[in-house]
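Chemist: Here you go, query_5.txt (compact mmCIF, N, CA and C atoms):
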```
# COMPACT_ATOMS: atom_id res chain seq x y z
N GLN J 28 3.78 -1.55 20.46
CA GLN J 28 4.65 -1.20 19.33
C GLN J 28 3.98 -1.67 18.03
N VAL J 29 3.81 -0.74 17.11
CA VAL J 29 3.17 -1.06 15.84
C VAL J 29 4.18 -1.73 14.92
N GLN J 30 3.75 -2.84 14.33
CA GLN J 30 4.59 -3.54 13.36
C GLN J 30 3.79 -3.82 12.11
N LEU J 31 4.42 -3.57 10.98
CA LEU J 31 3.82 -3.85 9.68
C LEU J 31 4.78 -4.78 8.94
N VAL J 32 4.26 -5.90 8.46
CA VAL J 32 5.12 -6.88 7.78
C VAL J 32 4.49 -7.24 6.44
N GLU J 33 5.20 -6.88 5.37
CA GLU J 33 4.71 -7.15 4.03
C GLU J 33 5.14 -8.54 3.55
N SER J 34 4.34 -9.09 2.65
CA SER J 34 4.68 -10.34 1.99
C SER J 34 3.95 -10.39 0.65
N GLY J 35 4.35 -11.34 -0.19
CA GLY J 35 3.63 -11.55 -1.44
C GLY J 35 4.32 -11.02 -2.68
N GLY J 36 5.44 -10.34 -2.51
CA GLY J 36 6.14 -9.84 -3.68
C GLY J 36 6.76 -10.98 -4.47
N GLY J 37 7.27 -10.66 -5.64
CA GLY J 37 7.90 -11.67 -6.47
C GLY J 37 8.12 -11.14 -7.87
N SER J 38 8.42 -12.08 -8.77
CA SER J 38 8.67 -11.74 -10.16
C SER J 38 7.58 -12.33 -11.04
N VAL J 39 7.03 -11.51 -11.92
CA VAL J 39 6.00 -11.96 -12.84
C VAL J 39 6.24 -11.33 -14.20
N GLN J 40 5.61 -11.89 -15.20
CA GLN J 40 5.66 -11.30 -16.53
C GLN J 40 4.57 -10.25 -16.67
N ALA J 41 4.78 -9.35 -17.60
CA ALA J 41 3.77 -8.32 -17.86
C ALA J 41 2.43 -8.97 -18.15
N GLY J 42 1.38 -8.37 -17.59
CA GLY J 42 0.05 -8.92 -17.73
C GLY J 42 -0.36 -9.83 -16.59
N GLY J 43 0.60 -10.22 -15.78
CA GLY J 43 0.33 -11.12 -14.67
C GLY J 43 -0.23 -10.41 -13.46
N SER J 44 -0.42 -11.19 -12.39
CA SER J 44 -1.01 -10.67 -11.15
C SER J 44 -0.20 -11.08 -9.95
N LEU J 45 -0.27 -10.26 -8.92
CA LEU J 45 0.29 -10.57 -7.61
C LEU J 45 -0.63 -10.00 -6.55
N ARG J 46 -0.59 -10.61 -5.36
CA ARG J 46 -1.33 -10.07 -4.24
C ARG J 46 -0.38 -9.84 -3.09
N LEU J 47 -0.28 -8.61 -2.67
CA LEU J 47 0.55 -8.26 -1.53
C LEU J 47 -0.28 -8.25 -0.25
N SER J 48 0.37 -8.67 0.83
CA SER J 48 -0.28 -8.66 2.14
C SER J 48 0.58 -7.88 3.12
N CYS J 49 -0.08 -7.23 4.06
CA CYS J 49 0.62 -6.51 5.12
C CYS J 49 -0.03 -6.87 6.44
N GLY J 50 0.66 -7.64 7.25
CA GLY J 50 0.16 -7.98 8.57
C GLY J 50 0.41 -6.85 9.53
N VAL J 51 -0.62 -6.44 10.25
CA VAL J 51 -0.55 -5.30 11.16
C VAL J 51 -0.72 -5.79 12.59
N SER J 52 0.20 -5.41 13.46
CA SER J 52 0.08 -5.75 14.87
C SER J 52 0.40 -4.53 15.73
N GLY J 53 -0.18 -4.50 16.91
CA GLY J 53 0.11 -3.43 17.85
C GLY J 53 -0.55 -2.10 17.53
N TYR J 54 -1.41 -2.05 16.55
CA TYR J 54 -2.06 -0.79 16.15
C TYR J 54 -3.34 -0.66 16.96
N THR J 55 -3.37 0.31 17.86
CA THR J 55 -4.51 0.43 18.78
C THR J 55 -5.38 1.65 18.51
N TYR J 56 -5.01 2.48 17.54
CA TYR J 56 -5.84 3.64 17.23
C TYR J 56 -7.16 3.18 16.60
N THR J 57 -8.20 3.93 16.81
CA THR J 57 -9.50 3.57 16.25
C THR J 57 -9.65 4.09 14.81
N THR J 58 -8.86 5.05 14.41
CA THR J 58 -8.91 5.57 13.05
C THR J 58 -7.59 5.28 12.33
N TYR J 59 -7.67 5.21 11.03
CA TYR J 59 -6.45 4.94 10.27
C TYR J 59 -6.59 5.32 8.81
N CYS J 60 -5.46 5.56 8.22
CA CYS J 60 -5.28 5.48 6.79
C CYS J 60 -4.17 4.45 6.60
N MET J 61 -4.47 3.37 5.92
CA MET J 61 -3.45 2.36 5.64
C MET J 61 -3.24 2.32 4.14
N ALA J 62 -2.00 2.34 3.75
CA ALA J 62 -1.70 2.55 2.34
C ALA J 62 -0.51 1.75 1.88
N TRP J 63 -0.42 1.62 0.57
CA TRP J 63 0.72 1.04 -0.11
C TRP J 63 1.46 2.15 -0.86
N PHE J 64 2.75 2.16 -0.66
CA PHE J 64 3.63 3.04 -1.41
C PHE J 64 4.61 2.17 -2.18
N ARG J 65 5.26 2.75 -3.16
CA ARG J 65 6.31 2.03 -3.88
C ARG J 65 7.44 2.98 -4.23
N GLN J 66 8.61 2.38 -4.38
CA GLN J 66 9.78 3.17 -4.74
C GLN J 66 10.65 2.36 -5.69
N ALA J 67 10.84 2.89 -6.88
CA ALA J 67 11.71 2.27 -7.87
C ALA J 67 13.10 2.89 -7.74
N PRO J 68 14.14 2.19 -8.17
CA PRO J 68 15.50 2.73 -8.08
C PRO J 68 15.61 4.09 -8.76
N GLY J 69 16.16 5.06 -8.05
CA GLY J 69 16.36 6.39 -8.61
C GLY J 69 15.12 7.26 -8.63
N LYS J 70 14.02 6.77 -8.09
CA LYS J 70 12.78 7.54 -8.09
C LYS J 70 12.31 7.79 -6.66
N GLU J 71 11.44 8.78 -6.52
CA GLU J 71 10.88 9.07 -5.20
C GLU J 71 9.81 8.05 -4.83
N ARG J 72 9.60 7.90 -3.54
CA ARG J 72 8.52 7.03 -3.08
C ARG J 72 7.19 7.65 -3.47
N GLU J 73 6.29 6.83 -3.99
CA GLU J 73 5.00 7.33 -4.43
C GLU J 73 3.86 6.51 -3.84
N GLY J 74 2.76 7.19 -3.58
CA GLY J 74 1.58 6.49 -3.08
C GLY J 74 0.92 5.70 -4.18
N VAL J 75 0.45 4.51 -3.83
CA VAL J 75 -0.18 3.62 -4.81
C VAL J 75 -1.67 3.47 -4.52
N ALA J 76 -2.00 3.07 -3.30
CA ALA J 76 -3.40 2.84 -2.94
C ALA J 76 -3.53 2.89 -1.44
N GLY J 77 -4.69 3.34 -0.98
CA GLY J 77 -4.91 3.41 0.45
C GLY J 77 -6.37 3.20 0.80
N ILE J 78 -6.60 2.86 2.06
CA ILE J 78 -7.97 2.67 2.56
C ILE J 78 -8.03 3.23 3.97
N SER J 79 -9.14 3.91 4.27
CA SER J 79 -9.26 4.56 5.58
C SER J 79 -10.27 3.84 6.45
N SER J 80 -10.28 4.22 7.71
CA SER J 80 -11.19 3.59 8.68
C SER J 80 -12.65 3.92 8.40
N ASN J 81 -12.93 4.95 7.61
CA ASN J 81 -14.32 5.25 7.27
C ASN J 81 -14.65 4.81 5.84
N GLY J 82 -13.85 3.90 5.31
CA GLY J 82 -14.20 3.24 4.06
C GLY J 82 -13.75 3.92 2.78
N ILE J 83 -13.03 5.01 2.92
CA ILE J 83 -12.56 5.70 1.72
C ILE J 83 -11.36 4.96 1.13
N THR J 84 -11.37 4.82 -0.20
CA THR J 84 -10.20 4.27 -0.89
C THR J 84 -9.64 5.33 -1.83
N LYS J 85 -8.36 5.20 -2.05
CA LYS J 85 -7.66 6.19 -2.87
C LYS J 85 -6.62 5.46 -3.70
N TYR J 86 -6.51 5.84 -4.96
CA TYR J 86 -5.57 5.18 -5.87
C TYR J 86 -4.78 6.22 -6.67
N ALA J 87 -3.57 5.86 -6.96
CA ALA J 87 -2.80 6.64 -7.92
C ALA J 87 -3.39 6.43 -9.30
N ASP J 88 -3.35 7.47 -10.14
CA ASP J 88 -3.93 7.36 -11.48
C ASP J 88 -3.31 6.21 -12.27
N SER J 89 -2.05 5.95 -12.03
CA SER J 89 -1.33 4.93 -12.80
C SER J 89 -1.80 3.51 -12.51
N VAL J 90 -2.53 3.31 -11.42
CA VAL J 90 -2.96 1.95 -11.06
C VAL J 90 -4.47 1.78 -11.03
N LYS J 91 -5.21 2.85 -11.24
CA LYS J 91 -6.67 2.76 -11.21
C LYS J 91 -7.16 1.75 -12.24
N GLY J 92 -8.08 0.91 -11.81
CA GLY J 92 -8.63 -0.11 -12.68
C GLY J 92 -7.81 -1.39 -12.73
N ARG J 93 -6.59 -1.35 -12.17
CA ARG J 93 -5.74 -2.55 -12.16
C ARG J 93 -5.46 -3.06 -10.75
N PHE J 94 -5.35 -2.15 -9.80
CA PHE J 94 -5.04 -2.52 -8.42
C PHE J 94 -6.28 -2.32 -7.54
N THR J 95 -6.41 -3.17 -6.54
CA THR J 95 -7.49 -3.04 -5.57
C THR J 95 -6.93 -3.18 -4.16
N VAL J 96 -7.21 -2.19 -3.33
CA VAL J 96 -6.77 -2.24 -1.93
C VAL J 96 -7.95 -2.64 -1.06
N SER J 97 -7.67 -3.47 -0.06
CA SER J 97 -8.73 -3.91 0.84
C SER J 97 -8.11 -4.27 2.19
N LYS J 98 -8.97 -4.47 3.17
CA LYS J 98 -8.50 -4.84 4.51
C LYS J 98 -9.29 -6.03 5.01
N GLU J 99 -8.58 -7.01 5.43
CA GLU J 99 -9.21 -8.18 6.07
C GLU J 99 -9.24 -7.91 7.56
N TYR J 100 -10.42 -7.56 8.07
CA TYR J 100 -10.51 -7.13 9.46
C TYR J 100 -10.25 -8.28 10.43
N ALA J 101 -10.71 -9.46 10.08
CA ALA J 101 -10.54 -10.59 10.99
C ALA J 101 -9.07 -10.93 11.20
N LYS J 102 -8.28 -10.75 10.14
CA LYS J 102 -6.85 -11.07 10.23
C LYS J 102 -6.00 -9.82 10.42
N ASN J 103 -6.62 -8.65 10.48
CA ASN J 103 -5.91 -7.40 10.60
C ASN J 103 -4.81 -7.29 9.55
N THR J 104 -5.21 -7.51 8.32
CA THR J 104 -4.26 -7.54 7.21
C THR J 104 -4.70 -6.58 6.12
N LEU J 105 -3.75 -5.83 5.59
CA LEU J 105 -3.98 -4.96 4.45
C LEU J 105 -3.56 -5.70 3.20
N LEU J 106 -4.39 -5.65 2.17
CA LEU J 106 -4.11 -6.38 0.93
C LEU J 106 -4.00 -5.42 -0.25
N LEU J 107 -3.25 -5.84 -1.24
CA LEU J 107 -3.20 -5.11 -2.51
C LEU J 107 -3.22 -6.15 -3.63
N GLN J 108 -4.33 -6.24 -4.32
CA GLN J 108 -4.45 -7.11 -5.47
C GLN J 108 -4.00 -6.33 -6.70
N MET J 109 -2.99 -6.86 -7.37
CA MET J 109 -2.41 -6.17 -8.52
C MET J 109 -2.61 -7.03 -9.76
N ASN J 110 -3.37 -6.52 -10.70
CA ASN J 110 -3.63 -7.22 -11.96
C ASN J 110 -3.06 -6.43 -13.13
N SER J 111 -2.95 -7.09 -14.27
CA SER J 111 -2.45 -6.45 -15.48
C SER J 111 -1.15 -5.69 -15.22
N LEU J 112 -0.24 -6.34 -14.56
CA LEU J 112 1.00 -5.69 -14.16
C LEU J 112 1.84 -5.29 -15.37
N LYS J 113 2.53 -4.17 -15.20
CA LYS J 113 3.38 -3.62 -16.26
C LYS J 113 4.81 -3.51 -15.74
N PRO J 114 5.78 -3.47 -16.63
CA PRO J 114 7.17 -3.29 -16.18
C PRO J 114 7.35 -2.02 -15.33
N ASP J 115 6.57 -0.98 -15.60
CA ASP J 115 6.65 0.25 -14.81
C ASP J 115 6.19 0.05 -13.36
N ASP J 116 5.53 -1.05 -13.08
CA ASP J 116 5.12 -1.33 -11.70
C ASP J 116 6.26 -1.91 -10.86
N THR J 117 7.38 -2.20 -11.49
CA THR J 117 8.52 -2.75 -10.78
C THR J 117 9.02 -1.77 -9.73
N ALA J 118 9.07 -2.22 -8.48
CA ALA J 118 9.49 -1.34 -7.37
C ALA J 118 9.49 -2.14 -6.08
N MET J 119 10.03 -1.52 -5.04
CA MET J 119 9.86 -2.03 -3.69
C MET J 119 8.54 -1.45 -3.19
N TYR J 120 7.67 -2.32 -2.70
CA TYR J 120 6.37 -1.90 -2.21
C TYR J 120 6.36 -1.90 -0.68
N TYR J 121 5.88 -0.80 -0.13
CA TYR J 121 5.85 -0.62 1.32
C TYR J 121 4.42 -0.43 1.81
N CYS J 122 4.15 -1.00 2.95
CA CYS J 122 2.90 -0.81 3.66
C CYS J 122 3.10 0.31 4.68
N ALA J 123 2.12 1.18 4.83
CA ALA J 123 2.22 2.28 5.77
C ALA J 123 0.90 2.49 6.49
N ALA J 124 0.96 3.01 7.70
CA ALA J 124 -0.25 3.28 8.48
C ALA J 124 -0.10 4.59 9.24
N ASP J 125 -1.23 5.27 9.41
CA ASP J 125 -1.23 6.54 10.14
C ASP J 125 -2.60 6.74 10.77
N PRO J 126 -2.67 7.31 11.97
CA PRO J 126 -3.97 7.51 12.62
C PRO J 126 -4.87 8.54 11.92
N PHE J 127 -4.32 9.43 11.10
CA PHE J 127 -5.13 10.45 10.46
C PHE J 127 -5.71 9.91 9.16
N PHE J 128 -6.97 9.54 9.23
CA PHE J 128 -7.61 8.91 8.08
C PHE J 128 -7.69 9.85 6.87
N ILE J 129 -7.60 11.16 7.10
CA ILE J 129 -7.68 12.10 5.98
C ILE J 129 -6.50 11.96 5.03
N LYS J 130 -5.46 11.26 5.44
CA LYS J 130 -4.34 11.03 4.52
C LYS J 130 -4.73 10.08 3.40
N CYS J 131 -5.90 9.47 3.53
CA CYS J 131 -6.42 8.64 2.45
C CYS J 131 -7.41 9.40 1.58
N THR J 132 -7.43 10.72 1.70
CA THR J 132 -8.31 11.54 0.87
C THR J 132 -7.47 12.51 0.06
N GLY J 133 -8.14 13.19 -0.86
CA GLY J 133 -7.45 14.18 -1.68
C GLY J 133 -6.82 13.57 -2.91
N SER J 134 -6.29 14.41 -3.76
CA SER J 134 -5.74 13.98 -5.04
C SER J 134 -4.23 13.77 -5.01
N THR J 135 -3.60 14.15 -3.94
CA THR J 135 -2.15 13.98 -3.87
C THR J 135 -1.80 13.06 -2.70
N TRP J 136 -0.56 12.58 -2.72
CA TRP J 136 -0.09 11.69 -1.68
C TRP J 136 1.03 12.34 -0.88
N SER J 137 1.00 12.09 0.42
CA SER J 137 2.12 12.47 1.26
C SER J 137 2.70 11.21 1.86
N ALA J 138 4.01 11.11 1.89
CA ALA J 138 4.67 9.94 2.48
C ALA J 138 4.88 10.14 3.98
N ASN J 139 4.24 11.14 4.56
CA ASN J 139 4.39 11.43 5.98
C ASN J 139 3.46 10.55 6.81
N PHE J 140 3.77 9.27 6.84
CA PHE J 140 3.03 8.30 7.63
C PHE J 140 3.86 7.91 8.85
N ASP J 141 3.15 7.60 9.94
CA ASP J 141 3.87 7.30 11.18
C ASP J 141 4.55 5.93 11.18
N TYR J 142 3.93 4.96 10.52
CA TYR J 142 4.41 3.58 10.62
C TYR J 142 4.64 2.99 9.23
N TRP J 143 5.75 2.26 9.13
CA TRP J 143 6.15 1.67 7.84
C TRP J 143 6.62 0.23 8.02
N GLY J 144 6.37 -0.56 6.98
CA GLY J 144 6.96 -1.88 6.93
C GLY J 144 8.32 -1.83 6.24
N GLN J 145 8.93 -3.00 6.11
CA GLN J 145 10.28 -3.08 5.52
C GLN J 145 10.26 -3.19 4.00
N GLY J 146 9.12 -3.52 3.44
CA GLY J 146 9.01 -3.57 1.99
C GLY J 146 9.09 -4.97 1.42
N THR J 147 8.48 -5.13 0.24
CA THR J 147 8.55 -6.38 -0.50
C THR J 147 8.75 -6.02 -1.98
N GLN J 148 9.65 -6.74 -2.63
CA GLN J 148 10.03 -6.40 -4.00
C GLN J 148 9.05 -6.99 -5.01
N VAL J 149 8.66 -6.17 -5.96
CA VAL J 149 7.84 -6.62 -7.08
C VAL J 149 8.62 -6.32 -8.36
N THR J 150 8.81 -7.34 -9.18
CA THR J 150 9.53 -7.19 -10.44
C THR J 150 8.66 -7.71 -11.57
N VAL J 151 8.41 -6.86 -12.56
CA VAL J 151 7.58 -7.23 -13.70
C VAL J 151 8.45 -7.16 -14.95
N SER J 152 8.54 -8.29 -15.63
CA SER J 152 9.37 -8.36 -16.84
C SER J 152 8.50 -8.28 -18.09
N SER J 153 9.08 -7.73 -19.14
CA SER J 153 8.31 -7.56 -20.39
C SER J 153 8.44 -8.78 -21.29
```
Go through the file and emit its structure as structure tokens.

Modeler:
Amino acid sequence: QVQLVESGGGSVQAGGSLRLSCGVSGYTYTTYCMAWFRQAPGKEREGVAGISSNGITKYADSVKGRFTVSKEYAKNTLLLQMNSLKPDDTAMYYCAADPFFIKCTGSTWSANFDYWGQGTQVTVSS
């Protein structure tokens, strides 16, 4: 059974940083696209950043240059380093995984991932 558990959310002031972690267990596929999505109240869930099993990374335009997605293979953990945070980054952040690594390619995001975590809240105040 695949389990994704997010941590690291919190409240920061604009300009600050946070690092989100997603512990992954039970994932036995050899390929993956692992990604971070976020959803603010009243808005649709949107893709933020992802990394695939063949090393491709993908970012939403709104976070390019500020967020960095990476994977700690030894700990089987997905990370999201978020710098220069803005109030618009306020949302519930979700970790997601899917065996089709191509979901980490292209210019658009689909929320059609097989596995999801429960989310961690990020609040950025001005």

Chemist: May I have the residues within 8 Å of Gln108 (chain J) as number ranges by chain, using all atoms listed in the file and disregarding those fewer than 3 positions away in the same chain?

Modeler: J: 44-48, 93-97, 105, 111

Chemist: Figure out the distance between CA of Tyr59 (chain J) and atom C of Phe127 (chain J), please, to one decimal in Å.

Modeler: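 Computing the Euclidean distance for atom C of Phe127 (chain J) and CA of Tyr59 (chain J) yields 5.1 Å.
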
Chemist: Between atom C of Trp63 (chain J) and atom C of Val75 (chain J), what distance in Å does the model show, to one decimal?

Modeler: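 Atom C of Val75 (chain J) lies at a distance of 5.0 Å from atom C of Trp63 (chain J).
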
Chemist: Quick check, in Å to one decimal: how far apart do CA of Val29 (chain J) and CA of Phe128 (chain J) lie?

Modeler: 16.6 Å

Chemist: Restricting the calculation to all atoms listed in the file, which member of J:Met109, J:Cys131, J:Ala101, J:Val32 is positioned closest to Lys85 (chain J)?

Modeler: J:Cys131
